[in-house]
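Structure file start_18.cif; described as mmCIF, C-alpha atoms.
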```cif
data_input
loop_
_atom_site.label_atom_id
_atom_site.label_comp_id
_atom_site.auth_asym_id
_atom_site.auth_seq_id
_atom_site.Cartn_x
_atom_site.Cartn_y
_atom_site.Cartn_z
CA MET U 1 81.33 104.86 344.42
CA ILE U 2 84.07 107.21 343.42
CA LYS U 3 85.50 110.09 345.39
CA LEU U 4 86.70 113.23 343.68
CA ILE U 5 87.53 116.75 344.75
CA VAL U 6 85.68 119.63 343.16
CA ASP U 7 86.61 123.16 344.22
CA ASN U 8 88.25 121.79 347.39
CA ASN U 9 85.11 119.87 348.40
CA GLU U 10 85.13 116.12 348.36
CA ILE U 11 82.13 114.59 346.64
CA GLU U 12 81.13 111.00 346.17
CA VAL U 13 79.40 109.82 343.01
CA GLU U 14 78.65 106.67 341.08
CA GLU U 15 81.10 105.29 338.56
CA GLY U 16 80.66 106.10 334.86
CA MET U 17 79.17 109.51 335.51
CA THR U 18 80.36 112.62 333.70
CA VAL U 19 82.14 115.27 335.73
CA LEU U 20 79.41 117.75 334.86
CA GLN U 21 76.64 115.49 336.11
CA ALA U 22 78.60 114.72 339.26
CA CYS U 23 78.90 118.42 340.00
CA LEU U 24 75.27 119.19 339.22
CA ASP U 25 74.11 116.34 341.46
CA ASN U 26 76.19 117.78 344.29
CA GLU U 27 74.85 121.29 343.95
CA ILE U 28 77.91 122.66 342.25
CA TYR U 29 76.49 124.51 339.28
CA ILE U 30 78.49 124.56 336.07
CA PRO U 31 76.84 126.50 333.24
CA ASN U 32 75.67 124.24 330.42
CA LEU U 33 73.28 124.41 327.47
CA CYS U 34 73.78 121.46 325.17
CA TYR U 35 74.03 118.75 327.84
CA LEU U 36 71.24 116.48 329.01
CA LYS U 37 71.52 113.76 331.62
CA GLU U 38 70.22 111.11 329.22
CA MET U 39 72.90 111.71 326.60
CA ASP U 40 75.40 108.92 325.99
CA ASN U 41 77.70 111.10 323.92
CA PRO U 42 77.21 114.74 324.85
CA PRO U 43 78.12 116.97 321.91
CA GLY U 44 80.15 119.36 324.09
CA SER U 45 79.31 122.15 321.69
CA CYS U 46 78.20 125.03 323.90
CA ARG U 47 81.66 125.33 325.52
CA LEU U 48 80.13 126.60 328.73
CA CYS U 49 80.94 123.69 331.03
CA LEU U 50 84.72 124.04 330.84
CA VAL U 51 86.65 123.05 333.97
CA GLU U 52 90.26 122.55 334.96
CA ILE U 53 91.18 119.00 335.85
CA ASP U 54 94.59 118.03 337.27
CA GLY U 55 96.45 115.99 334.71
CA TYR U 56 94.96 117.76 331.72
CA ASN U 57 97.15 120.55 330.42
CA GLN U 58 94.22 122.64 329.23
CA PRO U 59 90.63 123.33 330.27
CA ILE U 60 88.23 120.61 329.20
CA THR U 61 84.47 120.32 328.78
CA SER U 62 83.23 118.60 331.92
CA CYS U 63 80.35 116.94 330.04
CA THR U 64 82.74 114.78 328.03
CA VAL U 65 84.94 113.54 330.88
CA LYS U 66 84.01 110.60 333.08
CA VAL U 67 84.75 110.77 336.79
CA GLU U 68 87.85 109.02 338.09
CA GLU U 69 88.98 108.19 341.57
CA GLY U 70 90.89 111.04 343.17
CA MET U 71 90.21 113.49 340.36
CA VAL U 72 90.85 117.13 341.26
CA VAL U 73 88.47 119.48 339.47
CA ARG U 74 88.36 123.26 339.64
CA SER U 75 85.29 124.96 338.22
CA ASN U 76 85.52 128.45 339.67
CA THR U 77 88.95 129.79 338.82
CA GLU U 78 89.21 133.21 337.20
CA HIS U 79 90.63 131.64 334.04
CA ILE U 80 87.67 129.29 333.69
CA ARG U 81 85.16 132.03 334.32
CA LYS U 82 86.82 134.15 331.65
CA LEU U 83 86.52 131.34 329.11
CA GLN U 84 82.91 130.74 330.07
CA ARG U 85 82.08 134.42 329.76
CA THR U 86 83.61 134.57 326.30
CA ALA U 87 81.72 131.47 325.18
CA PHE U 88 78.54 132.97 326.61
CA GLU U 89 79.23 136.30 324.93
CA LEU U 90 79.51 134.58 321.57
CA LEU U 91 76.22 132.78 322.14
CA LEU U 92 74.56 136.05 323.13
CA SER U 93 75.77 137.79 319.99
CA VAL U 94 73.51 135.58 317.86
CA HIS U 95 70.60 135.70 320.30
CA HIS U 96 68.05 138.43 319.81
CA VAL U 97 67.89 139.86 323.32
CA ASP U 98 64.39 141.16 323.89
CA CYS U 99 63.51 139.61 327.23
CA LYS U 100 60.45 141.76 327.86
CA ASN U 101 58.65 140.36 324.83
CA CYS U 102 60.02 136.84 325.12
CA PRO U 103 57.77 134.09 326.45
CA ALA U 104 60.78 132.45 328.11
CA ASN U 105 61.47 135.56 330.20
CA ARG U 106 62.50 134.62 333.75
CA LYS U 107 62.72 130.95 332.83
CA CYS U 108 65.41 131.48 330.25
CA GLU U 109 68.61 129.50 330.67
CA LEU U 110 70.57 132.43 329.23
CA GLN U 111 69.30 134.76 331.94
CA ARG U 112 70.25 132.16 334.54
CA ILE U 113 73.75 131.79 333.15
CA ALA U 114 74.20 135.56 332.76
CA LYS U 115 73.29 136.00 336.39
CA PHE U 116 75.60 133.19 337.45
CA LEU U 117 78.57 134.53 335.48
CA HIS U 118 77.84 138.14 336.47
CA PHE U 119 77.62 139.02 332.82
CA GLY U 120 75.16 141.56 331.44
CA LEU U 121 72.85 140.57 328.64
CA LYS U 122 73.86 143.67 326.75
CA LEU U 123 76.80 143.13 324.45
CA LYS U 124 79.71 145.43 325.04
CA ARG U 125 82.58 143.94 323.10
CA LEU U 126 80.86 142.15 320.23
CA GLU U 127 78.41 143.41 317.68
CA PRO U 128 75.09 141.61 317.65
CA LEU U 129 74.61 139.42 314.61
CA ASP U 130 71.07 139.97 313.47
CA ARG U 131 70.49 137.16 311.06
CA GLU U 132 67.90 137.36 308.35
CA ILE U 133 66.55 133.87 308.23
CA LYS U 134 63.65 132.62 306.24
CA VAL U 135 61.98 129.81 308.11
CA GLU U 136 61.32 127.03 305.65
CA GLY U 137 58.72 124.39 306.23
CA ASP U 138 55.73 125.29 308.30
CA HIS U 139 54.77 123.18 311.29
CA PRO U 140 51.14 122.92 312.33
CA PHE U 141 51.80 122.91 316.08
CA LEU U 142 55.22 124.40 316.64
CA GLU U 143 56.70 127.80 316.04
CA TYR U 144 60.42 128.30 315.58
CA VAL U 145 62.11 131.63 316.23
CA PRO U 146 65.58 131.36 314.67
CA ASN U 147 66.93 134.57 316.19
CA ARG U 148 66.34 133.24 319.68
CA CYS U 149 67.79 129.82 319.00
CA VAL U 150 71.24 129.10 320.43
CA LEU U 151 71.48 125.78 318.54
CA CYS U 152 72.05 123.71 321.65
CA GLY U 153 70.49 120.67 319.99
CA ARG U 154 68.45 119.59 323.01
CA CYS U 155 65.26 119.53 320.93
CA VAL U 156 66.79 117.28 318.30
CA PHE U 157 68.02 114.91 320.98
CA VAL U 158 64.75 114.62 322.89
CA CYS U 159 62.75 114.20 319.68
CA LYS U 160 64.98 111.37 318.53
CA LYS U 161 64.86 109.74 321.93
CA LYS U 162 61.10 109.95 322.24
CA ASN U 163 60.06 109.21 318.67
CA GLY U 164 62.85 106.98 317.43
CA GLN U 165 63.41 109.20 314.44
CA ALA U 166 63.97 112.90 314.84
CA MET U 167 61.20 115.00 313.31
CA LEU U 168 63.46 118.03 313.44
CA SER U 169 67.14 118.49 312.80
CA PHE U 170 69.89 120.99 312.18
CA ALA U 171 69.92 122.34 308.65
CA LYS U 172 72.39 124.45 306.69
CA LYS U 173 75.65 125.50 308.29
CA GLY U 174 77.67 128.27 309.83
CA PHE U 175 75.74 131.39 310.74
CA ASP U 176 72.81 130.13 308.66
CA THR U 177 72.31 127.03 310.79
CA VAL U 178 68.71 126.56 311.87
CA ILE U 179 66.47 123.89 313.30
CA SER U 180 64.32 122.55 310.49
CA PHE U 181 61.04 120.64 310.49
CA PHE U 182 61.53 119.66 306.87
CA GLY U 183 59.79 116.61 305.57
CA GLU U 184 56.83 114.67 306.84
CA ASP U 185 53.49 115.99 305.77
CA ASN U 186 51.17 117.21 308.45
CA SER U 187 49.47 113.86 308.92
CA ALA U 188 52.74 112.45 310.26
CA ARG U 189 52.96 115.30 312.72
CA VAL U 190 49.75 114.57 314.57
CA SER U 191 51.89 112.97 317.27
CA CYS U 192 53.60 116.33 317.82
CA GLU U 193 50.41 117.68 319.32
CA GLU U 194 50.69 115.06 322.07
CA CYS U 195 54.42 115.40 322.58
CA TYR U 196 55.90 118.92 322.61
CA ALA U 197 59.05 117.47 324.18
CA CYS U 198 61.18 119.76 322.00
CA ALA U 199 59.35 122.91 323.09
CA GLU U 200 59.53 121.84 326.71
CA ILE U 201 63.26 121.27 326.63
CA CYS U 202 64.10 124.47 324.71
CA PRO U 203 66.18 126.59 327.12
CA VAL U 204 65.55 129.93 325.41
CA GLY U 205 62.00 130.03 324.02
CA ALA U 206 63.03 129.48 320.41
CA LEU U 207 60.59 126.59 320.00
CA LEU U 208 57.08 127.51 321.01
CA VAL U 209 53.75 125.80 321.01
CA LYS U 210 51.81 127.44 318.22
CA ASN U 211 48.62 129.47 318.53
CA SER U 212 48.43 129.42 322.28
CA LYS U 213 51.35 131.89 322.22
CA ARG U 214 52.34 130.77 325.66
CA SER U 215 55.60 129.02 325.97
CA ALA U 216 56.06 125.42 326.84
CA HIS U 217 57.71 126.58 330.03
CA GLN U 218 54.42 128.03 331.12
CA ARG U 219 52.68 124.88 330.03
CA LEU U 220 55.10 122.94 332.13
CA ALA U 221 54.63 125.15 335.14
CA LYS U 222 50.91 124.67 334.82
CA ASN U 223 51.15 120.91 334.58
CA ASN U 224 53.60 121.08 337.44
CA ASN U 225 55.52 117.99 336.37
CA SER U 226 58.90 119.37 335.49
CA GLN U 227 60.91 116.39 334.32
CA ARG U 228 64.30 117.93 334.64
CA PRO U 229 64.87 119.80 337.85
CA ARG U 230 66.92 122.87 337.16
CA PRO U 231 70.21 122.91 339.02
CA SER U 232 70.16 125.38 341.82
CA GLY U 233 73.75 126.37 341.81
CA ARG U 234 75.95 128.40 343.98
CA GLY U 235 75.27 132.07 343.69
CA LEU U 236 71.80 131.30 342.48
CA LYS U 237 69.30 131.46 345.25
CA LYS U 238 66.02 129.77 344.68
CA GLY U 239 62.97 131.97 344.47
CA ASN U 240 65.04 135.02 343.79
CA ASN U 241 62.46 137.42 342.45
CA SER U 242 64.95 140.11 341.67
CA LEU U 243 66.48 137.93 338.96
CA ALA U 244 64.66 139.56 336.07
CA ALA U 245 64.93 143.01 337.56
CA SER U 246 68.67 142.79 337.75
CA ILE U 247 69.08 141.84 334.12
CA PRO U 248 69.15 144.76 331.77
CA THR U 249 66.59 144.38 329.01
CA LEU U 250 66.77 146.09 325.69
CA PRO U 251 63.86 147.91 324.16
CA GLY U 252 62.44 146.12 321.13
CA GLY U 253 64.41 146.68 317.98
CA ALA U 254 67.42 148.05 319.81
CA LEU U 255 69.56 145.45 318.13
CA LYS U 256 68.38 146.26 314.65
CA GLY U 257 70.61 148.14 312.29
CA GLY U 258 73.79 146.85 313.87
CA GLY U 259 75.09 146.12 310.41
CA LYS U 260 77.85 143.79 309.51
CA MET N 1 53.24 126.44 281.98
CA ASN N 2 52.45 125.11 285.42
CA ASP N 3 51.24 121.81 284.04
CA THR N 4 54.46 121.19 282.17
CA ALA N 5 56.45 121.91 285.32
CA GLU N 6 54.34 119.38 287.21
CA ASP N 7 54.72 116.81 284.44
CA GLU N 8 58.45 117.39 284.52
CA GLU N 9 58.55 116.81 288.27
CA ASP N 10 56.47 113.64 287.94
CA ALA N 11 58.83 112.29 285.33
CA MET N 12 61.80 113.18 287.51
CA LEU N 13 60.35 111.45 290.57
CA LYS N 14 59.63 108.34 288.52
CA ASP N 15 63.18 108.33 287.30
CA ILE N 16 64.49 108.75 290.85
CA THR N 17 62.38 105.80 291.98
CA SER N 18 64.13 103.61 289.46
CA MET N 19 67.52 105.08 290.36
CA LEU N 20 67.02 104.28 294.02
CA THR N 21 66.71 100.56 293.35
CA TYR N 22 70.41 100.49 292.43
CA PHE N 23 71.43 101.64 295.89
CA GLU N 24 71.54 99.50 298.97
CA LYS N 25 69.38 100.66 301.84
CA HIS N 26 72.33 101.80 303.88
CA ARG N 27 72.70 105.19 305.51
CA GLY N 28 76.22 105.53 304.14
CA ASN N 29 74.71 105.71 300.68
CA LEU N 30 72.93 108.96 301.43
CA ILE N 31 75.44 111.33 299.87
CA PRO N 32 76.17 109.16 296.79
CA ILE N 33 72.41 108.96 296.17
CA LEU N 34 71.95 112.71 296.46
CA GLN N 35 74.94 113.26 294.20
CA SER N 36 73.66 110.99 291.47
CA ILE N 37 70.19 112.52 291.62
CA GLN N 38 71.64 115.98 291.25
CA GLU N 39 73.97 114.87 288.48
CA LYS N 40 71.02 113.66 286.47
CA HIS N 41 68.39 116.26 287.33
CA GLN N 42 70.49 119.29 288.27
CA TYR N 43 68.74 119.80 291.59
CA LEU N 44 67.11 118.11 294.58
CA SER N 45 63.42 118.77 294.96
CA PRO N 46 61.72 118.44 298.36
CA LEU N 47 59.80 115.39 297.16
CA ALA N 48 63.01 113.79 295.93
CA LEU N 49 64.56 114.24 299.39
CA GLN N 50 61.54 112.58 300.97
CA MET N 51 61.83 109.65 298.58
CA VAL N 52 65.48 109.20 299.50
CA ALA N 53 64.55 109.31 303.19
CA ARG N 54 61.91 106.64 302.71
CA HIS N 55 64.34 104.47 300.77
CA LEU N 56 67.03 104.66 303.44
CA LYS N 57 64.53 104.55 306.31
CA VAL N 58 65.83 107.71 307.92
CA SER N 59 63.74 110.78 308.71
CA SER N 60 63.35 113.33 305.92
CA CYS N 61 64.68 116.14 308.04
CA ASP N 62 67.90 114.18 308.57
CA VAL N 63 68.28 113.96 304.80
CA TYR N 64 67.48 117.65 304.51
CA GLY N 65 70.04 118.47 307.21
CA VAL N 66 72.80 116.58 305.40
CA ALA N 67 71.87 117.97 301.97
CA THR N 68 71.73 121.58 303.13
CA PHE N 69 75.08 121.26 304.89
CA TYR N 70 76.99 120.75 301.65
CA ASN N 71 77.48 123.51 299.12
CA GLN N 72 77.43 121.05 296.25
CA PHE N 73 73.69 120.46 296.50
CA ARG N 74 71.13 122.84 295.10
CA PHE N 75 67.41 122.85 295.81
CA HIS N 76 66.11 124.89 292.92
CA PRO N 77 66.15 123.99 289.24
CA PRO N 78 68.73 126.01 287.33
CA GLY N 79 67.31 128.98 285.42
CA GLU N 80 67.41 129.65 281.69
CA HIS N 81 70.26 132.05 282.33
CA GLN N 82 72.73 130.95 284.99
CA ILE N 83 74.54 133.71 286.78
CA LYS N 84 77.63 132.88 288.80
CA ALA N 85 79.11 135.57 290.98
CA CYS N 86 82.70 134.95 292.01
CA LEU N 87 83.56 135.37 295.67
CA GLY N 88 87.12 134.11 295.50
CA THR N 89 89.83 136.00 297.35
CA ALA N 90 90.60 138.55 294.64
CA CYS N 91 86.94 139.14 293.78
CA HIS N 92 86.09 139.39 297.47
CA VAL N 93 88.72 142.07 297.94
CA ARG N 94 87.42 143.97 294.90
CA GLY N 95 83.82 143.88 296.16
CA GLY N 96 82.48 140.64 294.69
CA ASP N 97 79.91 140.46 297.47
CA ILE N 98 78.48 143.79 296.28
CA ILE N 99 78.08 142.41 292.77
CA LEU N 100 76.35 139.31 294.13
CA GLU N 101 74.08 141.49 296.23
CA ASN N 102 73.26 143.58 293.15
CA PHE N 103 72.18 140.49 291.22
CA GLU N 104 70.21 139.26 294.22
CA ARG N 105 68.39 142.54 294.64
CA LYS N 106 67.76 143.05 290.94
CA LEU N 107 66.24 139.58 290.53
CA ASP N 108 64.75 139.43 294.01
CA ILE N 109 66.22 135.99 294.80
CA LYS N 110 69.09 134.80 296.96
CA ALA N 111 72.20 132.95 295.85
CA GLY N 112 71.29 129.33 295.10
CA GLU N 113 67.75 130.22 294.09
CA THR N 114 65.88 130.57 290.81
CA THR N 115 63.40 133.25 289.80
CA PRO N 116 59.78 132.00 289.78
CA ASP N 117 59.65 132.26 285.96
CA ARG N 118 62.78 130.07 285.82
CA GLU N 119 64.49 132.72 283.75
CA PHE N 120 67.49 133.39 286.03
CA SER N 121 69.37 131.55 288.75
CA ILE N 122 72.19 132.91 290.87
CA ASP N 123 75.08 130.95 292.34
CA ARG N 124 78.15 131.93 294.23
CA VAL N 125 81.42 130.38 293.08
CA ALA N 126 84.88 130.49 294.56
CA CYS N 127 87.42 131.63 291.96
CA VAL N 128 87.04 131.04 288.26
CA GLY N 129 90.70 131.56 287.51
CA CYS N 130 90.84 135.07 286.07
CA CYS N 131 91.56 137.08 289.18
CA ALA N 132 93.10 139.92 287.19
CA LEU N 133 89.59 140.77 286.02
CA ALA N 134 88.14 140.87 289.54
CA PRO N 135 85.34 141.17 290.39
CA VAL N 136 84.11 138.55 287.97
CA ALA N 137 80.66 137.23 287.09
CA ILE N 138 79.89 134.41 284.69
CA VAL N 139 76.59 134.54 282.85
CA ASP N 140 75.79 131.55 280.64
CA ASP N 141 79.46 130.60 280.26
CA THR N 142 80.50 134.12 279.27
CA VAL N 143 82.97 135.73 281.66
CA TYR N 144 82.35 139.35 282.54
CA GLY N 145 85.31 141.03 284.22
CA HIS N 146 85.60 144.27 286.18
CA MET N 147 81.98 144.00 287.20
CA ALA N 148 80.17 147.05 288.53
CA PRO N 149 76.59 147.64 289.67
CA SER N 150 75.83 149.45 286.41
CA LYS N 151 77.03 146.41 284.45
CA VAL N 152 74.66 144.20 286.46
CA GLU N 153 71.76 146.44 285.44
CA GLY N 154 72.96 146.40 281.82
CA LEU N 155 73.24 142.59 281.71
CA ILE N 156 69.77 141.98 283.06
CA LEU N 157 68.32 144.69 280.85
CA GLY N 158 70.03 143.11 277.84
CA PHE N 159 68.34 139.76 278.55
CA GLU N 160 65.00 141.46 279.00
CA ILE N 161 65.30 143.30 275.68
CA GLU N 162 66.36 140.06 273.99
CA LYS N 163 63.33 138.28 275.40
CA GLU N 164 61.00 141.07 274.31
CA ARG N 165 62.47 141.01 270.82
CA GLU N 166 61.94 137.27 270.50
CA LYS N 167 58.40 137.64 271.72
CA ARG N 168 57.66 140.26 269.07
CA LYS N 169 59.29 138.16 266.39
CA LYS N 170 57.09 135.25 267.38
CA GLN N 171 54.00 137.44 267.33
CA SER N 172 54.80 138.88 263.91
CA ASN N 173 55.46 135.36 262.60
CA GLU N 174 52.13 134.20 263.94
CA SER N 175 50.27 137.13 262.41
CA LYS N 176 51.81 136.45 259.03
#
```
Is it possible to give me this structure as structure tokens?
Amino acid sequence: MIKLIVDNNEIEVEEGMTVLQACLDNEIYIPNLCYLKEMDNPPGSCRLCLVEIDGYNQPITSCTVKVEEGMVVRSNTEHIRKLQRTAFELLLSVHHVDCKNCPANRKCELQRIAKFLHFGLKLKRLEPLDREIKVEGDHPFLEYVPNRCVLCGRCVFVCKKKNGQAMLSFAKKGFDTVISFFGEDNSARVSCEECYACAEICPVGALLVKNSKRSAHQRLAKNNNSQRPRPSGRGLKKGNNSLAASIPTLPGGALKGGGK
Amino acid sequence: MNDTAEDEEDAMLKDITSMLTYFEKHRGNLIPILQSIQEKHQYLSPLALQMVARHLKVSSCDVYGVATFYNQFRFHPPGEHQIKACLGTACHVRGGDIILENFERKLDIKAGETTPDREFSIDRVACVGCCALAPVAIVDDTVYGHMAPSKVEGLILGFEIEKEREKRKKQSNESK
């Protein structure tokens, strides 16, 4: 066991754990989107889990640092929060905010993080980037909504882990990056109907189970076997019903016509 | 017309099958394979990507992800008339993106695509070396400088008239 200090509290965790996981296990919530417990090499791409660690001369993503004895970690300084808000703002600017009509409403990781960072879902500083994306390659069981996708890569990871070979992957680059189902003909996708791991892990409702029109989150809630307990962090009370009410929602189409 | 396109694709896939045998089944060969396929056949068809995936024993969407990441790969056969709109620094400053958009709208395709009749294809290029003429477009190896939306209309119209003329010539020859 290793002892480290996070936000002036001493916590004790197993060796070889990432700082982020250590914090989450000890009910210290650090916002994160692209990290999953099972990952050996977290991509560290969402830039939300930044923390200050003594000995490092700049903030560092807590998902890529392993715990060390006597480490001093600060996750709630004003500087860190500012960085996290900016990273979150950038993610929001490519996310079509229309919570009322979104199947992930109230279960959305973005809403959770917005609440945690005290950051409105309405962009003030940045212009929304409404991307025109043609979805290539139809999938018989899954629906992909590119304008909701924050490209966290969780779906690609879980698919690879569960099926050996990923049946979906990132395609293109830059602002055009999407998740693509390219390839296998529909006979190879029969297993998808049994799996839906990607739709279940999607934090924002960008991957949906087709036809039923209900999100995998709802499916999960119904099955009542949530595999990954959501961290209940500080400042986030469980069963807080006013969560959705406190988040400003935009009327449909309010983001359209923003222009370049 | 459709049959010949299918025959062409069949021949291409056969050729790719024989090409693949020269490459070791190693993931590191992915990009060299894609490059040599494109060098020979000018583009990567969806079926070709799937064949490569099967050869290297990786999933097809992985191959697709790699191929779409790089600008050097194209996924549509080049058209009869190849249009290249320059978006280099000088052309960008002089509104090269507007010219590209004009071509795209006029032909109803995006950069990197080919019209369904395979008549035109549009590509974006970065600097062709004659920045003084910005914005520049290259159509079938002819450089057109100081491009303007009206010139785009004129160019396309010119090709259409040319095509119509050839068609009539053919018809009159046949009737003779």
Contact residues (chain N, partner chain U, 12 Å, only C-alpha atoms) as a VMD selection string: chain N and resid 45 to 54 57 to 71 73 to 74 110
What does the PyMOL selection byres ((chain N and resi 117) around 10) select in this file, as a tab-separated table (two decimals) with C-alpha atoms, in the coordinates of the input?
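Once everything was written out, this is out_30.tsv:
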```
chain	number	residue	atom	x	y	z
N	1	MET	CA	53.24	126.44	281.98
N	79	GLY	CA	67.31	128.98	285.42
N	80	GLU	CA	67.41	129.65	281.69
N	114	THR	CA	65.88	130.57	290.81
N	115	THR	CA	63.40	133.25	289.80
N	116	PRO	CA	59.78	132.00	289.78
N	118	ARG	CA	62.78	130.07	285.82
N	119	GLU	CA	64.49	132.72	283.75
N	120	PHE	CA	67.49	133.39	286.03
```
Hits of the PyMOL selection byres ((chain U and resi 32-41) around 8) in this structure, as number ranges by chain: U: 21, 30-31, 42-49, 63-64, 109, 152-154, 203
CA of Ala134 (chain N) to CA of His92 (chain N), straight-line distance in Å: 8.3 Å
Atom pair CA of Ile99 (chain N) / CA of Leu133 (chain N): separation (Å): 13.4 Å
